[in-house]
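Working notes for the structure below.
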Amino acid sequence: MSELVEKLKKIEKITTDYKDVFANETDDLRRDCKVLGVEEMKKQIEALNEEGRLLNIGIIGRVKAGKSSLLNSMFFEGKPVLPTAATPMTASLTVLSYGDQPSATVEYYTAQDIDDIQRGHDKFAEKLSPLVEEKKEKLRERAEERHETISQQDIEQKAERQAKYELSNDSKKPLSDQFDLMKKRGNLLATMKARITNNETIGAADINALFSKLDDYVGAKGTLMPFTKSVEIHLPIPALRNIQVVDTPGINDPVVSREARTEEYLKKCDVVFIVSPADEFLSAQDLELMNRLSAKEGVQLLYLVASKADDLLNSVFDESGGDLNEAILSVTDDLSRYTETTLRDKQQYHPKIAEKFDQLIEGGGDKVIITSAICHAMSLRFNDRDSSWDDAMKKVWENLSENYRDYFNYRETGKASLDRLSNVGIVSGKIDFVRGEKDKLIAGKQDEYLSKQTASVEDYRKQLIEAASDKFERVKSTDLQTIQNEKSKISDLYARGRGAIDGTFNDRLDFLKEELRGKIDSKRDGLFKEARAKVEEAKGSETKTRTTTTGKVFKKSQKENFQVPTVRAGAVKGVLTELGGKLRHDVIALVEGEINNWRAPVQRQVLTEGRAKMGDEGLSADLLGQAIRDRVDSLTFPKFKMEAPSFDDYLQVSFFGEFCISLGTLEGQEADRFNGAVELYLGVLIDKHMQKTDDFLEELEKGGKRGEMAKSVFDALLRRIGFLEQDLKNRKNTLDSLGRLKDALEKV
């Protein structure tokens with residue numbers, strides 16, 4: 001590795017020595033080749049080669065994915081040591097490692113962090129207040145139309161819930177939630193902002209004492225929880241020997257400094273477990289996170305963990321025939337196939353990440369591990385279930401025992417079945433496996449890092465030589481007077497070509513928008529048609545018998561049959577969850593592919609039309625083509641964002657939390673009410689997706705910078721011509737310097 005550092009040092013010295021004639025090219029090529037500076041590379045190599053370093057294991061996923069619950073199951077016997085987060089802001093970056101004595105180091109938000117959080121809170125309030133008033137007015141109007149009496153308090157509460165629900169994906173909402181928590185701590189807010197140091201070390205006599213103390217820092221009701229950015233916990237637990245486990249607070253962290261700290265830890269990860277809820281598996285957020293991970297150097301192994309798998313078992317009851325093992329196999333197979341299809345779609349548009357995704361695509365039955373932390377906790381408390389199971393646990397048991405009676409009962413099979421479904425032992429087994437492979441994995445990361453950096457540095461060197469040669473020939477063969485004449489004609493050429501360049505580009509941008517709108521609409525219609533068909537399959541009817549009595553004196557009873565509507569609620573919920581996921585990532589993949597396929601043709605068409613209007617005089621087609629290509633490639637288009645509201649959340653908001661879903665088969669009025677809620681939800685989903693499509697296409701046009709293409713192209717041309725003019729005025733020295741630069745690079 002020292003040879004690599006020395007090679008980069010020599011290249012940096014050469015480019016520094018000749019920066020007067022080659023500075024712009026050096027900066028562009030360094031960025032394109034993603035070459036680190038010498039000191040940064042040395043720092044990373046030293047970290048990789050650190051003797052006795054720990055194996056770094058990342059546990060990542062979006063908020064509410066079940067990361068902390070999984071870790072609690074694996075390391076703390078299901079006790080809520082690591083609190084589950086309700087929002088991105090109530091989750092701290094947590095690092096677990098071995099220590100002979102229990103201790104923890106807490107890092108607080110800085111005063112600057114708190115100021116940033118407050119600004120986000122204030123901006124969110126500016127959006128929320130008028131929306132709440134709008135919702136209040138609509139609720140009053142609706143109550144009047146229906147002649148209903150609703151209290152002012154109910155109106156205010158529902159209006160605020162609806163407004164926050166509508167803004168639930170707003171980037172500033174987590175910051176608003178966090179600052180609200182800080183304000184509730186009263187004078188502590190000012191005290192924390194005034195702290196001289198932002199770190200605190202906590203010691204304890206034993207693990208339980210440390211957990212008790214930590215509750216104040218990371219617990220849901222902890223006094224200092226709103227101010228805690230990260231916590232490093234050291235515990236005398238054998239399962240933590242030789243490893244460091246990082247529990248991340250989610251992705252796209254709204255607090256910039258905490259996001260940076262998370263990124264720092266992720267770069268060190270040798271192994272990563274991606275946790276995604278089984279009923280919302282591989283969402284757009286999950287896929288975005290996987291893209292970011294695959295771009296990191298050195299992640300040796302990836303595992304997919306489908307958490308909360310108990311939610312899906314009832315949706316496959318019919319096809320499994322009440323056999324738990326068949327149901328688990330069915331869910332695992334479905335998620336594995338879904339993983340393969342989804343990741344192959346991503347590979348189509350992102351070939352550079354193929355290698356890392358292949359680990360999961362070709363992983364067979366091991367590609368997805370289904371788990372249920374709540375079932376693990378229920379198993380641990382099985383013998384004391386009456387007093388130790390909470391309401392959520394009892395509800396899970398009720399649903400499972402209704403459909404899988406032979407497996408979930410209060411005999412010994414009940415505990416064994418909970419263990420079978422929890423699968424925590426499988427994940428722990430993977431941890432044990434990678435611990436045993438520590439030296440091999442670390443060596444693999446070192447080799448991969450060295451290979452990639454060596455290739456990048458060599459590519460950088462070759463491209464520098466090629467660019468120096470091109471510039472040498474250009475300076476040698478170009479006449480100063482010709483360049484000055486060309487420069488003097490730029491204004492005229494711009495005036496003649498501006499309309500053609502901007503017009504052609506704008507036409508192609510309009511074409512892209514219309515193509516995307518048509519294909520997104522078609523994709524959406526197909527997905528909804530497919531989902532509605534599956535929902536209909538889950539509906540049915542059941543013949544019931546009732547007894548009717550006639551006659552006042554001589555009463556006569558008779559039995560009659562009648563039909564009762566039924567619906568398999570769990571199956572429908574599974575369909576709706578799958579629909580939400582496809583509305584996110586299927587459309588994202590479609591959009592990315594269309595934009596990537598659009599760039600090359602638009603470059604050719606803009607160049608052709610521009611040259612046709614300007615003529616051949618006085619302007620190099622190569623220079624113009626390069627400028628157009630650079631401008632089109634640099635365009636930053638938005639990402640399609642569609643975080644579909646979950647069916648559960650929709651019912652909570654729309655029905656005041658009164659509508660609780662039973663995942664079994666519903667009958668009669670309960671089935672009718674459920675079906676009506678499904679239709680309303682589908683309508684909300686369609687409207688939301690159409691609105692997100694409109695928002696995306698509007699942002700796409702802004703990203704296209706309509707009307708600015710010609711100006712940016714000619715501005716780039718003027719800069720290039722200006723640099724070339726200076727080189728030509730000192731032609732002899734420039735050629736001499738470029739020659740020596742090229743020779744020096746070839747000898748490295």
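Order determines the names: the first chain of the structure tokens is A, the second B, and so forth; residues in each chain are numbered 1 upward, and ligands are numbered 1 upward as they are shown.
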Run DSSP on the backbone and give me the residues of region 263-463 of chain A it puts in strand (DSSP E or B), as an NGL selection string. :A and (271-277 or 301-307 or 368-370)
For the residues in that selection, give me N, CA and C atoms as a compact mmCIF listing (two decimals), in the first residue's frame.
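Dumped to out.txt:
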```
# COMPACT_ATOMS: atom_id res chain seq x y z
N VAL A 271 -19.33 -5.69 7.19
CA VAL A 271 -20.55 -6.47 6.97
C VAL A 271 -21.75 -5.58 7.28
N VAL A 272 -22.81 -5.70 6.49
CA VAL A 272 -24.00 -4.87 6.70
C VAL A 272 -25.26 -5.74 6.67
N PHE A 273 -26.09 -5.57 7.67
CA PHE A 273 -27.43 -6.17 7.70
C PHE A 273 -28.43 -5.06 7.39
N ILE A 274 -29.18 -5.22 6.30
CA ILE A 274 -30.19 -4.24 5.91
C ILE A 274 -31.53 -4.75 6.42
N VAL A 275 -32.13 -4.01 7.35
CA VAL A 275 -33.38 -4.42 7.97
C VAL A 275 -34.54 -3.68 7.31
N SER A 276 -35.53 -4.45 6.83
CA SER A 276 -36.69 -3.86 6.15
C SER A 276 -37.95 -4.60 6.61
N PRO A 277 -39.01 -3.88 7.01
CA PRO A 277 -40.24 -4.55 7.45
C PRO A 277 -40.80 -5.46 6.37
N LEU A 301 -19.86 -8.26 2.93
CA LEU A 301 -21.06 -9.09 2.93
C LEU A 301 -22.29 -8.24 3.20
N LEU A 302 -23.37 -8.55 2.48
CA LEU A 302 -24.66 -7.90 2.71
C LEU A 302 -25.69 -8.97 3.06
N TYR A 303 -26.52 -8.68 4.06
CA TYR A 303 -27.63 -9.56 4.41
C TYR A 303 -28.91 -8.73 4.42
N LEU A 304 -30.01 -9.34 3.98
CA LEU A 304 -31.33 -8.70 4.04
C LEU A 304 -32.14 -9.36 5.15
N VAL A 305 -32.63 -8.55 6.08
CA VAL A 305 -33.45 -9.06 7.18
C VAL A 305 -34.86 -8.51 7.04
N ALA A 306 -35.84 -9.39 6.85
CA ALA A 306 -37.25 -8.98 6.78
C ALA A 306 -37.81 -9.03 8.19
N SER A 307 -37.94 -7.88 8.83
CA SER A 307 -38.42 -7.82 10.21
C SER A 307 -39.95 -7.86 10.26
N VAL A 368 -32.72 -13.70 2.03
CA VAL A 368 -33.61 -12.99 2.93
C VAL A 368 -33.81 -13.81 4.20
N ILE A 369 -33.60 -13.17 5.35
CA ILE A 369 -33.84 -13.81 6.64
C ILE A 369 -35.08 -13.17 7.25
N ILE A 370 -36.14 -13.93 7.42
CA ILE A 370 -37.34 -13.34 8.03
C ILE A 370 -37.23 -13.46 9.55
```
Tell me, as number ranges by chain, which residues lie within 12 Å of Arg584 (chain A), counting only C-alpha atoms; anything in the same chain fewer than 3 positions away does not count. A: 280-288, 342, 520, 523-524, 527, 577-581, 587-591, 639-645, 685, 688-689, 692-693
Near-Glu698 (chain A) list (12 Å; only C-alpha atoms; drop same-chain fewer than 6 positions) as a PyMOL selection string: chain A and resi 509-510+513-514+516-517+637-640+691-692+704-706
Hey, which of A:Lys415, A:Glu126, A:Arg62, A:Glu340 ends up closest to Leu289 (chain A)? Count only C-alpha atoms.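 So, comparing all the options, the nearest one is A:Arg62.
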From the DSSP assignment of the backbone, select every residue of region 505-686 of chain A that is helix (DSSP H, G or I), and format the answer as a ChimeraX atom specification. /A:505-538,569-614,621-634,647-654,668-686
Within 8 Å of Leu741 (chain A), counting only C-alpha atoms, which residues show up once you throw out same-chain ones fewer than 5 positions away? Write them as a list of chain:residue names, please.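 These residues fall inside the cut-off: A:Ile14, A:Thr15, A:Tyr18, A:Ala468.
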Can those selected residues be exported to a file as a PDB file, in the first residue's frame so that it contains C-alpha atoms?
```
ATOM      1  CA  ILE A  14       3.995  16.728 -10.963  1.00  0.00           C
ATOM      2  CA  THR A  15       0.557  18.301 -11.351  1.00  0.00           C
ATOM      3  CA  TYR A  18       2.827  22.340 -13.804  1.00  0.00           C
ATOM      4  CA  ALA A 468      -1.774  16.631 -21.716  1.00  0.00           C
TER       5      ALA A 468
END
```
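Restricting the calculation to only C-alpha atoms, the smallest distance between Asn49 (chain A) and any of A:Leu96, A:Leu738, A:Ile483, A:Leu450 is found for A:Leu450.
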Quick one: everything within 9 Å of region 130-132 of chain A, counting only C-alpha atoms, minus sequence neighbours fewer than 5 positions away in the same chain. Send it as a ChimeraX atom specification. /A:125,137,156,159-164
Please dump the current selection as a PDB file, in the first residue's frame; keep N, CA and C atoms.
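Wrote part-v8.pdb, looks like this:
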```
ATOM      1  N   ALA A 125     -43.421  24.910  10.700  1.00  0.00           N
ATOM      2  CA  ALA A 125     -44.583  25.597  11.269  1.00  0.00           C
ATOM      3  C   ALA A 125     -45.220  26.548  10.258  1.00  0.00           C
ATOM      4  N   GLU A 137     -61.649  24.400   8.255  1.00  0.00           N
ATOM      5  CA  GLU A 137     -62.756  24.934   7.464  1.00  0.00           C
ATOM      6  C   GLU A 137     -63.473  23.812   6.713  1.00  0.00           C
ATOM      7  N   GLU A 156     -60.327  20.713  15.893  1.00  0.00           N
ATOM      8  CA  GLU A 156     -58.927  21.136  15.971  1.00  0.00           C
ATOM      9  C   GLU A 156     -57.987  19.931  15.993  1.00  0.00           C
ATOM     10  N   ALA A 159     -58.093  18.213  12.497  1.00  0.00           N
ATOM     11  CA  ALA A 159     -57.458  19.070  11.490  1.00  0.00           C
ATOM     12  C   ALA A 159     -55.939  19.009  11.615  1.00  0.00           C
ATOM     13  N   GLU A 160     -55.448  19.049  12.845  1.00  0.00           N
ATOM     14  CA  GLU A 160     -53.994  18.988  13.039  1.00  0.00           C
ATOM     15  C   GLU A 160     -53.451  17.624  12.629  1.00  0.00           C
ATOM     16  N   ARG A 161     -54.181  16.536  12.965  1.00  0.00           N
ATOM     17  CA  ARG A 161     -53.748  15.204  12.560  1.00  0.00           C
ATOM     18  C   ARG A 161     -53.686  15.089  11.042  1.00  0.00           C
ATOM     19  N   GLN A 162     -54.733  15.571  10.373  1.00  0.00           N
ATOM     20  CA  GLN A 162     -54.779  15.473   8.916  1.00  0.00           C
ATOM     21  C   GLN A 162     -53.677  16.308   8.268  1.00  0.00           C
ATOM     22  N   ALA A 163     -53.438  17.516   8.814  1.00  0.00           N
ATOM     23  CA  ALA A 163     -52.403  18.388   8.248  1.00  0.00           C
ATOM     24  C   ALA A 163     -51.021  17.762   8.427  1.00  0.00           C
ATOM     25  N   LYS A 164     -50.737  17.219   9.617  1.00  0.00           N
ATOM     26  CA  LYS A 164     -49.437  16.589   9.858  1.00  0.00           C
ATOM     27  C   LYS A 164     -49.282  15.334   9.004  1.00  0.00           C
TER      28      LYS A 164
END
```
Residues near Gln484 (chain A), cut-off 9 Å, only C-alpha atoms, skip fewer than 4 positions along chain, as an mmCIF file with C-alpha atoms, in the first residue's frame:
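Generated output (around.cif):
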```cif
data_model
loop_
_atom_site.group_PDB
_atom_site.id
_atom_site.type_symbol
_atom_site.label_atom_id
_atom_site.label_comp_id
_atom_site.auth_asym_id
_atom_site.auth_seq_id
_atom_site.Cartn_x
_atom_site.Cartn_y
_atom_site.Cartn_z
ATOM 1 C CA ASP A 479 -3.061 29.717 -34.638
ATOM 2 C CA LEU A 480 -3.408 32.578 -32.149
ATOM 3 C CA SER A 488 -14.563 37.838 -31.614
ATOM 4 C CA LYS A 489 -17.303 35.891 -33.408
ATOM 5 C CA ILE A 721 -11.058 29.785 -25.548
ATOM 6 C CA GLU A 725 -5.562 32.078 -25.898
#
```
Find, counting only C-alpha atoms, the residue in A:Leu728, A:Thr110, A:Gln605, A:Ser2 that gets nearest to Thr482 (chain A). A:Leu728
Hey, which of A:Glu200, A:Asp27, A:Asp406, A:Asp270 ends up closest to Asn56 (chain A)? Count only C-alpha atoms.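 Looking at the shortest contact to Asn56 (chain A), the residue is A:Asp270.
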Atom pair CA of Ala671 (chain A) / CA of Ile686 (chain A): separation (Å): 22.6 Å
Looking at A:Asn403, A:Ser97, A:Gln152, A:Ser212, which one is nearest to Ser320 (chain A), with distances taken over only C-alpha atoms?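 Going through A:Asn403, A:Ser97, A:Gln152, A:Ser212 one by one, the smallest distance to Ser320 (chain A) is for A:Asn403.
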By how many Å are CA of Trp389 (chain A) and CA of Tyr404 (chain A) apart?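 Rounded to one decimal, the two atoms are 19.6 Å apart.
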Shell around region 425-435 of chain A at 9 Å using only C-alpha atoms, local window under 2 positions removed, as a PyMOL selection string: chain A and resi 55+57+70+74-75+239+241-243+271+301+303+305+369+371+419+422-423+437-439+441
For CA of Asp333 (chain A) and CA of Asp648 (chain A), the interatomic separation in Å (one decimal):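 Taking CA of Asp333 (chain A) as the start and CA of Asp648 (chain A) as the end point, the length is 24.9 Å.
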Between A:Tyr650, A:Leu697, A:Leu54, A:Ala467, which has the minimum distance to Glu166 (chain A) (counting only C-alpha atoms)? A:Tyr650
